[in-house]
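Reproduced below: final-v9.pdb, with PDB, C-alpha atoms.
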ATOM      1  CA  MET A   5       0.000   0.000   0.000
ATOM      2  CA  LEU A   6       2.826   2.398   0.826
ATOM      3  CA  ALA A   7       4.410   1.716  -2.575
ATOM      4  CA  TRP A   8       1.060   2.348  -4.283
ATOM      5  CA  ILE A   9       0.715   5.685  -2.454
ATOM      6  CA  GLY A  10       4.340   6.543  -3.212
ATOM      7  CA  ALA A  11       3.813   6.022  -6.935
ATOM      8  CA  ARG A  12       0.934   8.507  -6.803
ATOM      9  CA  ALA A  13       2.363  10.827  -4.162
ATOM     10  CA  ARG A  14       1.893  14.038  -6.141
ATOM     11  CA  TYR A  15      -1.827  13.352  -6.569
ATOM     12  CA  VAL A  16      -2.285  12.129  -2.993
ATOM     13  CA  LEU A  17      -0.677  15.281  -1.613
ATOM     14  CA  SER A  18      -2.711  17.581  -3.848
ATOM     15  CA  LEU A  19      -6.006  15.951  -2.881
ATOM     16  CA  GLY A  20      -4.972  15.787   0.777
ATOM     17  CA  CYS A  21      -4.316  19.515   0.828
ATOM     18  CA  LEU A  22      -7.841  20.133  -0.491
ATOM     19  CA  ALA A  23      -9.341  17.693   2.028
ATOM     20  CA  ALA A  24      -7.645  19.485   4.935
ATOM     21  CA  LEU A  25      -9.959  22.469   4.372
ATOM     22  CA  PHE A  26     -12.940  20.320   5.305
ATOM     23  CA  LEU A  27     -11.542  18.775   8.489
ATOM     24  CA  PRO A  28     -11.693  21.660  11.008
ATOM     25  CA  ASP A  29     -12.246  19.474  14.079
ATOM     26  CA  LEU A  30      -9.317  17.222  13.217
ATOM     27  CA  ALA A  31      -7.166  20.282  12.480
ATOM     28  CA  ALA A  32      -7.907  21.728  15.923
ATOM     29  CA  PHE A  33      -7.198  18.370  17.562
ATOM     30  CA  VAL A  34      -3.823  17.902  15.838
ATOM     31  CA  ARG A  35      -2.704  21.563  16.087
ATOM     32  CA  PRO A  36      -0.787  21.167  19.414
ATOM     33  CA  ALA A  37       1.385  18.525  17.752
ATOM     34  CA  LEU A  38       2.510  20.857  14.942
ATOM     35  CA  PRO A  39       6.063  21.495  16.279
ATOM     36  CA  TYR A  40       6.620  17.735  16.503
ATOM     37  CA  LEU A  41       5.187  17.198  13.027
ATOM     38  CA  VAL A  42       7.636  19.778  11.651
ATOM     39  CA  SER A  43      10.446  17.621  13.069
ATOM     40  CA  VAL A  44       8.937  14.458  11.582
ATOM     41  CA  VAL A  45       8.600  16.014   8.110
ATOM     42  CA  LEU A  46      12.204  17.222   8.272
ATOM     43  CA  ALA A  47      13.259  13.743   9.380
ATOM     44  CA  MET A  48      11.483  12.030   6.482
ATOM     45  CA  GLY A  49      13.280  14.314   4.051
ATOM     46  CA  MET A  50      16.702  13.907   5.673
ATOM     47  CA  ALA A  51      16.540  10.165   6.421
ATOM     48  CA  ARG A  52      17.425   9.418   2.791
ATOM     49  CA  VAL A  53      20.539  11.560   3.053
ATOM     50  CA  ASP A  54      23.954  10.641   4.420
ATOM     51  CA  LEU A  55      24.198  13.823   6.474
ATOM     52  CA  GLY A  56      27.745  13.011   7.514
ATOM     53  CA  GLN A  57      28.884  12.803   3.895
ATOM     54  CA  VAL A  58      27.074  16.035   2.999
ATOM     55  CA  LEU A  59      28.747  17.855   5.887
ATOM     56  CA  ARG A  60      32.178  16.402   5.068
ATOM     57  CA  GLU A  61      31.868  17.544   1.462
ATOM     58  CA  ALA A  62      30.793  21.001   2.630
ATOM     59  CA  LEU A  63      33.976  21.481   4.657
ATOM     60  CA  SER A  64      36.014  22.664   1.675
ATOM     61  CA  ILE A  65      36.381  26.444   1.696
ATOM     62  CA  ARG A  66      34.924  26.806  -1.792
ATOM     63  CA  LYS A  67      31.871  24.597  -1.161
ATOM     64  CA  LEU A  68      31.256  26.056   2.294
ATOM     65  CA  SER A  69      31.405  29.603   0.925
ATOM     66  CA  MET A  70      28.951  28.688  -1.832
ATOM     67  CA  LEU A  71      26.456  27.079   0.546
ATOM     68  CA  VAL A  72      26.598  29.897   3.099
ATOM     69  CA  SER A  73      26.220  32.479   0.315
ATOM     70  CA  ALA A  74      23.241  30.584  -1.119
ATOM     71  CA  SER A  75      21.603  30.446   2.329
ATOM     72  CA  ILE A  76      22.115  34.177   2.843
ATOM     73  CA  ALA A  77      20.678  34.897  -0.603
ATOM     74  CA  LEU A  78      17.675  32.673   0.095
ATOM     75  CA  MET A  79      16.880  34.195   3.489
ATOM     76  CA  PRO A  80      17.929  37.746   4.500
ATOM     77  CA  VAL A  81      18.530  38.965   0.932
ATOM     78  CA  SER A  82      15.243  37.621  -0.435
ATOM     79  CA  ALA A  83      13.440  38.906   2.677
ATOM     80  CA  ALA A  84      14.697  42.437   1.982
ATOM     81  CA  LEU A  85      13.560  42.125  -1.646
ATOM     82  CA  TYR A  86      10.148  40.768  -0.620
ATOM     83  CA  LEU A  87       9.679  43.612   1.850
ATOM     84  CA  GLY A  88      10.662  46.175  -0.780
ATOM     85  CA  VAL A  89       8.105  44.767  -3.232
ATOM     86  CA  ALA A  90       5.452  44.641  -0.504
ATOM     87  CA  LYS A  91       5.993  48.287   0.411
ATOM     88  CA  LEU A  92       6.025  49.444  -3.212
ATOM     89  CA  THR A  93       2.719  47.675  -3.892
ATOM     90  CA  GLY A  94       1.128  48.915  -0.672
ATOM     91  CA  LEU A  95       0.508  45.526   0.926
ATOM     92  CA  PRO A  96      -0.846  45.705   4.477
ATOM     93  CA  THR A  97       1.542  45.178   7.372
ATOM     94  CA  SER A  98       0.154  41.712   8.134
ATOM     95  CA  MET A  99       1.058  40.492   4.646
ATOM     96  CA  GLN A 100       4.471  42.172   4.780
ATOM     97  CA  THR A 101       5.086  40.210   7.974
ATOM     98  CA  ALA A 102       4.019  36.936   6.349
ATOM     99  CA  LEU A 103       6.405  37.497   3.434
ATOM    100  CA  ILE A 104       9.331  38.162   5.771
ATOM    101  CA  TYR A 105       8.687  34.922   7.653
ATOM    102  CA  LEU A 106       8.370  33.141   4.307
ATOM    103  CA  ALA A 107      11.755  34.414   3.139
ATOM    104  CA  ALA A 108      13.313  33.613   6.528
ATOM    105  CA  ALA A 109      12.371  29.937   6.131
ATOM    106  CA  PRO A 110      14.659  27.327   4.510
ATOM    107  CA  PRO A 111      13.639  25.322   1.421
ATOM    108  CA  ILE A 112      11.300  22.409   2.084
ATOM    109  CA  ALA A 113      12.962  19.155   3.126
ATOM    110  CA  SER A 114      11.693  17.410  -0.005
ATOM    111  CA  SER A 115      13.328  19.914  -2.405
ATOM    112  CA  ALA A 116      15.837  17.330  -3.595
ATOM    113  CA  GLY A 117      13.061  14.801  -4.165
ATOM    114  CA  LEU A 118      11.077  17.306  -6.220
ATOM    115  CA  CYS A 119      14.167  18.112  -8.268
ATOM    116  CA  PHE A 120      14.848  14.429  -8.890
ATOM    117  CA  LEU A 121      11.231  13.937  -9.967
ATOM    118  CA  LEU A 122      11.396  16.882 -12.376
ATOM    119  CA  GLY A 123      14.865  16.178 -13.761
ATOM    120  CA  PHE A 124      16.552  19.121 -12.024
ATOM    121  CA  ASN A 125      19.872  19.227 -10.137
ATOM    122  CA  ALA A 126      18.878  17.224  -7.047
ATOM    123  CA  ARG A 127      22.396  17.242  -5.590
ATOM    124  CA  LEU A 128      22.505  21.031  -5.468
ATOM    125  CA  ALA A 129      19.026  21.119  -3.955
ATOM    126  CA  LEU A 130      20.077  18.635  -1.279
ATOM    127  CA  GLU A 131      23.223  20.523  -0.301
ATOM    128  CA  VAL A 132      21.552  23.938  -0.157
ATOM    129  CA  THR A 133      18.510  22.605   1.722
ATOM    130  CA  VAL A 134      20.635  20.945   4.408
ATOM    131  CA  SER A 135      22.906  23.969   4.865
ATOM    132  CA  ALA A 136      20.047  26.497   4.899
ATOM    133  CA  THR A 137      18.106  24.369   7.384
ATOM    134  CA  LEU A 138      21.100  24.121   9.720
ATOM    135  CA  LEU A 139      21.633  27.899   9.488
ATOM    136  CA  THR A 140      17.956  28.774  10.041
ATOM    137  CA  PRO A 141      18.200  29.198  13.867
ATOM    138  CA  ILE A 142      20.784  31.915  13.153
ATOM    139  CA  LEU A 143      19.687  33.505   9.870
ATOM    140  CA  GLY A 144      15.941  33.241  10.546
ATOM    141  CA  PRO A 145      15.759  35.295  13.776
ATOM    142  CA  LEU A 146      18.352  37.775  12.463
ATOM    143  CA  THR A 147      16.261  38.315   9.322
ATOM    144  CA  VAL A 148      13.020  38.700  11.265
ATOM    145  CA  ASN A 149      14.531  41.048  13.832
ATOM    146  CA  TRP A 150      16.120  43.147  11.071
ATOM    147  CA  LEU A 151      13.147  43.546   8.731
ATOM    148  CA  LEU A 152       9.905  42.826  10.553
ATOM    149  CA  PRO A 153       7.701  45.948  10.239
ATOM    150  CA  VAL A 154       6.159  45.292  13.678
ATOM    151  CA  VAL A 155       7.629  44.045  16.943
ATOM    152  CA  SER A 156       8.103  40.274  16.861
ATOM    153  CA  PRO A 157       5.947  38.404  19.412
ATOM    154  CA  LEU A 158       9.054  36.409  20.400
ATOM    155  CA  SER A 159      12.546  37.588  21.235
ATOM    156  CA  PRO A 160      15.239  36.566  18.712
ATOM    157  CA  VAL A 161      16.766  34.211  21.287
ATOM    158  CA  LEU A 162      13.477  32.441  22.038
ATOM    159  CA  LEU A 163      12.605  32.222  18.340
ATOM    160  CA  ALA A 164      16.055  30.780  17.610
ATOM    161  CA  THR A 165      15.615  28.274  20.431
ATOM    162  CA  ASN A 166      12.224  27.121  19.135
ATOM    163  CA  LEU A 167      13.529  26.741  15.572
ATOM    164  CA  ALA A 168      16.681  24.951  16.720
ATOM    165  CA  ALA A 169      14.635  22.496  18.798
ATOM    166  CA  MET A 170      12.461  21.529  15.804
ATOM    167  CA  ILE A 171      15.435  21.207  13.459
ATOM    168  CA  ALA A 172      17.506  19.245  15.979
ATOM    169  CA  GLY A 173      14.546  16.946  16.580
ATOM    170  CA  GLY A 174      14.254  16.327  12.846
ATOM    171  CA  ILE A 175      17.967  15.553  12.479
ATOM    172  CA  ILE A 176      18.002  13.167  15.448
ATOM    173  CA  LEU A 177      14.891  11.373  14.211
ATOM    174  CA  ALA A 178      16.365  11.132  10.692
ATOM    175  CA  LEU A 179      19.507   9.510  12.081
ATOM    176  CA  ILE A 180      17.398   7.049  14.092
ATOM    177  CA  ILE A 181      15.303   6.126  11.038
ATOM    178  CA  ARG A 182      18.400   5.721   8.882
ATOM    179  CA  THR A 183      20.076   3.571  11.534
ATOM    180  CA  LEU A 184      17.053   1.337  12.200
ATOM    181  CA  ILE A 185      15.950   0.835   8.593
ATOM    182  CA  GLY A 186      19.319   1.164   6.900
ATOM    183  CA  ALA A 187      20.382   3.254   3.929
ATOM    184  CA  GLU A 188      20.288   0.272   1.548
ATOM    185  CA  ARG A 189      16.730  -0.720   2.505
ATOM    186  CA  ILE A 190      15.544   2.884   2.185
ATOM    187  CA  ALA A 191      17.085   3.113  -1.306
ATOM    188  CA  ALA A 192      15.730  -0.315  -2.324
ATOM    189  CA  ASN A 193      12.197   0.546  -1.189
ATOM    190  CA  LYS A 194      12.016   4.049  -2.631
ATOM    191  CA  LEU A 195       8.313   3.971  -3.476
ATOM    192  CA  SER A 196       7.341   2.666  -0.040
ATOM    193  CA  PHE A 197       9.384   5.411   1.587
ATOM    194  CA  ASP A 198       7.736   7.937  -0.768
ATOM    195  CA  GLY A 199       4.378   6.646   0.450
ATOM    196  CA  ALA A 200       5.336   6.965   4.108
ATOM    197  CA  ALA A 201       6.625  10.495   3.468
ATOM    198  CA  ALA A 202       3.387  11.406   1.661
ATOM    199  CA  LEU A 203       1.274  10.167   4.581
ATOM    200  CA  THR A 204       3.456  12.180   6.955
ATOM    201  CA  MET A 205       2.936  15.276   4.813
ATOM    202  CA  LEU A 206      -0.820  14.692   4.842
ATOM    203  CA  LEU A 207      -0.847  14.530   8.632
ATOM    204  CA  PHE A 208       1.392  17.594   8.761
ATOM    205  CA  VAL A 209      -0.840  19.759   6.551
ATOM    206  CA  ILE A 210      -4.049  19.142   8.545
ATOM    207  CA  PRO A 211      -3.228  21.291  11.622
ATOM    208  CA  LEU A 212      -2.108  24.144   9.359
ATOM    209  CA  PHE A 213      -5.782  24.706   8.526
ATOM    210  CA  ASP A 214      -6.897  25.102  12.132
ATOM    211  CA  GLY A 215      -9.145  28.180  12.181
ATOM    212  CA  VAL A 216      -8.608  28.966   8.498
ATOM    213  CA  GLY A 217     -12.148  28.030   7.417
ATOM    214  CA  PRO A 218     -13.857  30.620   9.660
ATOM    215  CA  THR A 219     -11.343  33.276   8.555
ATOM    216  CA  MET A 220     -12.081  32.555   4.883
ATOM    217  CA  LEU A 221     -15.828  32.739   5.462
ATOM    218  CA  ALA A 222     -15.665  35.894   7.554
ATOM    219  CA  ARG A 223     -13.172  37.724   5.313
ATOM    220  CA  PRO A 224     -13.421  36.289   1.780
ATOM    221  CA  GLY A 225     -11.754  39.305   0.140
ATOM    222  CA  LEU A 226      -8.745  39.108   2.441
ATOM    223  CA  SER A 227      -8.551  35.351   1.966
ATOM    224  CA  ALA A 228      -8.571  35.722  -1.825
ATOM    225  CA  GLY A 229      -5.755  38.257  -1.566
ATOM    226  CA  ILE A 230      -3.743  35.958   0.684
ATOM    227  CA  PHE A 231      -4.242  33.059  -1.722
ATOM    228  CA  ALA A 232      -3.130  35.166  -4.698
ATOM    229  CA  LEU A 233      -0.084  36.297  -2.720
ATOM    230  CA  SER A 234       0.805  32.710  -1.832
ATOM    231  CA  ILE A 235       0.669  31.670  -5.489
ATOM    232  CA  LEU A 236       2.767  34.664  -6.561
ATOM    233  CA  PHE A 237       5.457  34.004  -3.950
ATOM    234  CA  ASN A 238       5.506  30.262  -4.531
ATOM    235  CA  LEU A 239       4.975  29.357  -8.171
ATOM    236  CA  GLY A 240       5.699  32.918  -9.328
ATOM    237  CA  ILE A 241       9.067  33.025  -7.555
ATOM    238  CA  ASN A 242       9.823  29.470  -8.672
ATOM    239  CA  LEU A 243       9.261  30.240 -12.358
ATOM    240  CA  SER A 244      10.906  33.685 -12.210
ATOM    241  CA  VAL A 245      14.112  32.398 -10.593
ATOM    242  CA  ASN A 246      14.158  29.422 -12.962
ATOM    243  CA  THR A 247      13.870  31.708 -15.997
ATOM    244  CA  ALA A 248      16.476  34.184 -14.741
ATOM    245  CA  ALA A 249      18.955  31.472 -13.757
ATOM    246  CA  ARG A 250      18.814  29.885 -17.218
ATOM    247  CA  ARG A 251      20.744  32.892 -18.523
ATOM    248  CA  MET A 252      23.664  31.996 -16.250
ATOM    249  CA  THR A 253      23.597  28.204 -15.917
ATOM    250  CA  ASP A 254      22.164  24.981 -17.337
ATOM    251  CA  PRO A 255      18.400  24.222 -17.212
ATOM    252  CA  ALA A 256      18.757  21.491 -14.557
ATOM    253  CA  THR A 257      20.547  23.814 -12.140
ATOM    254  CA  ALA A 258      18.192  26.688 -12.963
ATOM    255  CA  GLY A 259      15.219  24.454 -12.185
ATOM    256  CA  ALA A 260      16.746  23.518  -8.828
ATOM    257  CA  CYS A 261      17.249  27.217  -8.015
ATOM    258  CA  GLY A 262      13.563  27.822  -8.750
ATOM    259  CA  ILE A 263      12.462  24.972  -6.490
ATOM    260  CA  LEU A 264      14.709  26.172  -3.643
ATOM    261  CA  ALA A 265      13.549  29.782  -3.899
ATOM    262  CA  GLY A 266       9.845  29.082  -4.325
ATOM    263  CA  ASN A 267       9.153  26.300  -1.809
ATOM    264  CA  ARG A 268       9.858  27.193   1.822
ATOM    265  CA  THR A 269       9.192  25.537   5.174
ATOM    266  CA  ILE A 270       7.273  28.528   6.505
ATOM    267  CA  ALA A 271       5.187  26.225   8.729
ATOM    268  CA  MET A 272       8.072  26.034  11.204
ATOM    269  CA  TYR A 273       7.360  29.675  12.083
ATOM    270  CA  LEU A 274       3.675  28.908  12.545
ATOM    271  CA  ALA A 275       4.755  26.216  15.005
ATOM    272  CA  ALA A 276       7.220  28.531  16.762
ATOM    273  CA  LEU A 277       5.085  31.689  17.080
ATOM    274  CA  PRO A 278       1.859  32.561  18.947
ATOM    275  CA  PRO A 279      -1.340  32.162  16.853
ATOM    276  CA  ASP A 280      -2.236  34.898  14.361
ATOM    277  CA  PRO A 281      -5.254  34.503  12.012
ATOM    278  CA  VAL A 282      -3.768  36.228   8.943
ATOM    279  CA  PHE A 283      -0.408  34.466   9.217
ATOM    280  CA  THR A 284      -2.143  31.130   9.806
ATOM    281  CA  ALA A 285      -4.264  31.649   6.683
ATOM    282  CA  PHE A 286      -1.174  32.537   4.624
ATOM    283  CA  VAL A 287       0.739  29.445   5.789
ATOM    284  CA  ALA A 288      -2.251  27.183   5.097
ATOM    285  CA  LEU A 289      -3.058  28.598   1.660
ATOM    286  CA  TYR A 290       0.638  28.594   0.735
ATOM    287  CA  GLN A 291       0.488  24.797   0.878
ATOM    288  CA  PHE A 292      -1.732  24.649  -2.226
ATOM    289  CA  PRO A 293       0.770  26.009  -4.776
ATOM    290  CA  MET A 294       3.574  24.158  -2.978
ATOM    291  CA  TYR A 295       1.821  20.781  -3.076
ATOM    292  CA  PHE A 296       0.751  21.369  -6.676
ATOM    293  CA  THR A 297       4.284  22.339  -7.794
ATOM    294  CA  PRO A 298       5.141  18.954  -9.424
ATOM    295  CA  LEU A 299       1.868  18.891 -11.368
ATOM    296  CA  VAL A 300       2.195  22.498 -12.538
ATOM    297  CA  LEU A 301       5.843  22.262 -13.593
ATOM    298  CA  GLN A 302       5.323  18.965 -15.400
ATOM    299  CA  ARG A 303       2.208  20.318 -17.087
ATOM    300  CA  PHE A 304       4.132  23.231 -18.548
ATOM    301  CA  ARG A 305       7.327  21.202 -19.047
ATOM    302  CA  VAL A 306       9.432  23.784 -17.209
TER     303      VAL A 306
END
Spit out the file's structure as structure tokens when you get a sec.
Amino acid sequence: MLAWIGARARYVLSLGCLAALFLPDLAAFVRPALPYLVSVVLAMGMARVDLGQVLREALSIRKLSMLVSASIALMPVSAALYLGVAKLTGLPTSMQTALIYLAAAPPIASSAGLCFLLGFNARLALEVTVSATLLTPILGPLTVNWLLPVVSPLSPVLLATNLAAMIAGGIILALIIRTLIGAERIAANKLSFDGAAALTMLLFVIPLFDGVGPTMLARPGLSAGIFALSILFNLGINLSVNTAARRMTDPATAGACGILAGNRTIAMYLAALPPDPVFTAFVALYQFPMYFTPLVLQRFRV
């Protein structure tokens, strides 16, 4: 069954994201577990990776400089650009805040898997995702504290602690999974592992919609604007970076750059921060373009 789900993971995830809208009671029930689910999702993405080998390869001055530079470009630099665009277009403060948290988040743990599926440079995606994730407890709070247009509800130290706890939990769990199952068995049962990861993602997305339904019904205009913004800063960023990067590098690497820039683990901030209706709605609706990324990119053969 896991292999069957894994073979159809892109469709299962897309339908699961839609179904989450109609499960408000389950979303409220699972919501307290969100920080732990963030760790589990990170673990499922990293369990396939020999983290030790990735870190050893990153120790060369040239590779380390490249990865740190890429992480800085993905987080504080893109956050400054997002904020500039938001101010120029007159977006309300609540949406400016959501975009800063989006930019301050690392690429999703499954970036390398998406790149492999789409024929992009999966190795680059893997290296940048791991390095950006490890640097998030430092770069994330620094970015938020630097650019947030309102006072952050958490101090930079507490925010860094919360993010570090989720990331450390994911790494430890990934090492446990890799040790118990074994790298060879994970590689030999790729589709089954894809299925398990898809089910984990389905469970993860449900609590993101806690309280979103009432917000959408009460403020449909705002919700439509948030949804449009989430598409623009997911698929729009993905395609824009992909197109721009093709002028400087090969299509496979350009595609990986698009995936890394456009798909972020913003939910870790939802798990780390006090509840906020607008931010919650943005995080939830952001999942739609993210989960539909493989279908959209394959449809247009990007």
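The smallest atom-to-atom distance between Ala90 of chain A and any of A:Pro153, A:Asn125, A:Phe283, A:Val16, using only C-alpha atoms, is found for A:Pro153.
Once the PyMOL selection byres ((chain A and resi 77) around 12) is applied to the depicted file, the selected set reads Met70, Leu71, Val72, Ser73, Ala74, Ser75, Ile76, Leu78, Met79, Pro80, Val81, Ser82, Ala83, Ala84, Leu85, Ala107, Ala108, Ala109, Pro110, Val132, Ala136, Leu143, Thr147, Cys261, Leu264 and Ala265 of chain A.
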The PyMOL selection byres ((chain A and resi 232-245) around 7) applied to the shown file, residues as a VMD selection string: chain A and resid 228 to 231 246 to 249 261 to 263 265 to 267 286 289 to 290 293 to 294
For Gly56 of chain A, the nearest of the candidates A:Arg14, A:Val134, A:Pro28, A:Ala23, counting all atoms listed in the file: A:Val134
Atom CA of Leu195 of chain A to atom CA of Ile176 of chain A, straight-line distance in Å: 23.2 Å
Would you kindly return, as a JSON list (two decimals) with C-alpha atoms, in the frame of the given file, each protein, DNA or RNA residue with an atom no farther than 9 Å from any atom of Gly49 of chain A, considering only C-alpha atoms and excluding same-chain residues fewer than 6 positions away?
[["chain", "number", "residue", "atom", "x", "y", "z"],
["A", 112, "ILE", "CA", 11.30, 22.41, 2.08],
["A", 113, "ALA", "CA", 12.96, 19.16, 3.13],
["A", 114, "SER", "CA", 11.69, 17.41, 0.00],
["A", 115, "SER", "CA", 13.33, 19.91, -2.40],
["A", 116, "ALA", "CA", 15.84, 17.33, -3.60],
["A", 117, "GLY", "CA", 13.06, 14.80, -4.16],
["A", 178, "ALA", "CA", 16.36, 11.13, 10.69],
["A", 201, "ALA", "CA", 6.62, 10.50, 3.47]]
Spatial neighbours of Phe213 of chain A, max dist 7 Å, all atoms listed in the file, sep filter under 6 positions, as a VMD selection string: chain A and resid 24 to 25 31 288
Would you put the residues from that selection into a file with C-alpha atoms, as a short mmCIF file (atom, residue, chain, number, x, y, z; two decimals), in the coordinates of the input?
data_model
loop_
_atom_site.label_atom_id
_atom_site.label_comp_id
_atom_site.auth_asym_id
_atom_site.auth_seq_id
_atom_site.Cartn_x
_atom_site.Cartn_y
_atom_site.Cartn_z
CA ALA A 24 -7.64 19.48 4.93
CA LEU A 25 -9.96 22.47 4.37
CA ALA A 31 -7.17 20.28 12.48
CA ALA A 288 -2.25 27.18 5.10
#
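Taking all atoms listed in the file into account, the protein, DNA and RNA residues within 12 Å of (1.3, 31.4, 20.1) read Arg35, Pro36, Leu38, Pro39, Ser156, Pro157, Leu158, Leu163, Asn166, Tyr273, Leu274, Ala275, Ala276, Leu277, Pro278, Pro279, Asp280, Pro281, Phe283 and Thr284 of chain A.
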Write the residues of the preceding selection, restricted to C-alpha atoms, as a PDB file, keeping the file's coordinate frame.
ATOM      1  CA  ARG A  35      -2.704  21.563  16.087  1.00  0.00           C
ATOM      2  CA  PRO A  36      -0.787  21.167  19.414  1.00  0.00           C
ATOM      3  CA  LEU A  38       2.510  20.857  14.942  1.00  0.00           C
ATOM      4  CA  PRO A  39       6.063  21.495  16.279  1.00  0.00           C
ATOM      5  CA  SER A 156       8.103  40.274  16.861  1.00  0.00           C
ATOM      6  CA  PRO A 157       5.947  38.404  19.412  1.00  0.00           C
ATOM      7  CA  LEU A 158       9.054  36.409  20.400  1.00  0.00           C
ATOM      8  CA  LEU A 163      12.605  32.222  18.340  1.00  0.00           C
ATOM      9  CA  ASN A 166      12.224  27.121  19.135  1.00  0.00           C
ATOM     10  CA  TYR A 273       7.360  29.675  12.083  1.00  0.00           C
ATOM     11  CA  LEU A 274       3.675  28.908  12.545  1.00  0.00           C
ATOM     12  CA  ALA A 275       4.755  26.216  15.005  1.00  0.00           C
ATOM     13  CA  ALA A 276       7.220  28.531  16.762  1.00  0.00           C
ATOM     14  CA  LEU A 277       5.085  31.689  17.080  1.00  0.00           C
ATOM     15  CA  PRO A 278       1.859  32.561  18.947  1.00  0.00           C
ATOM     16  CA  PRO A 279      -1.340  32.162  16.853  1.00  0.00           C
ATOM     17  CA  ASP A 280      -2.236  34.898  14.361  1.00  0.00           C
ATOM     18  CA  PRO A 281      -5.254  34.503  12.012  1.00  0.00           C
ATOM     19  CA  PHE A 283      -0.408  34.466   9.217  1.00  0.00           C
ATOM     20  CA  THR A 284      -2.143  31.130   9.806  1.00  0.00           C
TER      21      THR A 284
END
Distance query Ala164 of chain A at most 8 Å, only C-alpha atoms, self and fewer than 5 positions along chain excluded, as an NGL selection string: :A and (141-142 or 144-145)
Cut-off 12 Å around (13.2, 18.8, 12.4) with all atoms listed in the file: residues as a PyMOL selection string: chain A and resi 38-51+110+112-113+134+137-138+140-141+166-179+269+271-272+275
Which of A:Val89, A:Arg268, A:Arg189, A:Phe208 sits closest to Pro111 of chain A [using all atoms listed in the file]: A:Arg268
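Among the candidate residues A:Pro224, A:Gly123, A:Pro298, A:Gly215, the one lying nearest to Asp29 of chain A is A:Gly215, with distances computed using all atoms listed in the file.
The space separating atom CA of Ala285 of chain A from atom CA of Gly199 of chain A comes to 27.2 Å.
The space separating atom CA of Asp198 of chain A from atom CA of Gly10 of chain A comes to 4.4 Å.
Of the residues listed (A:Leu152, A:Met5, A:Leu103, A:Ala13), A:Ala13 shows the shortest atom-to-atom separation from Leu121 of chain A; distances use only C-alpha atoms.
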Hey, could you pull the box centre and edge lengths for segment 120-138 of chain A, axis-aligned, 3 Å padding per side, all listed atoms, to one decimal in Å, as lines of an AutoDock Vina configuration file?
center_x = 17.2
center_y = 20.2
center_z = -2.0
size_x = 18.0
size_y = 18.6
size_z = 29.5
Counting all atoms listed in the file, the option among A:Val155, A:Ala200, A:Leu118, A:Leu59 closest to Leu301 of chain A: A:Leu118
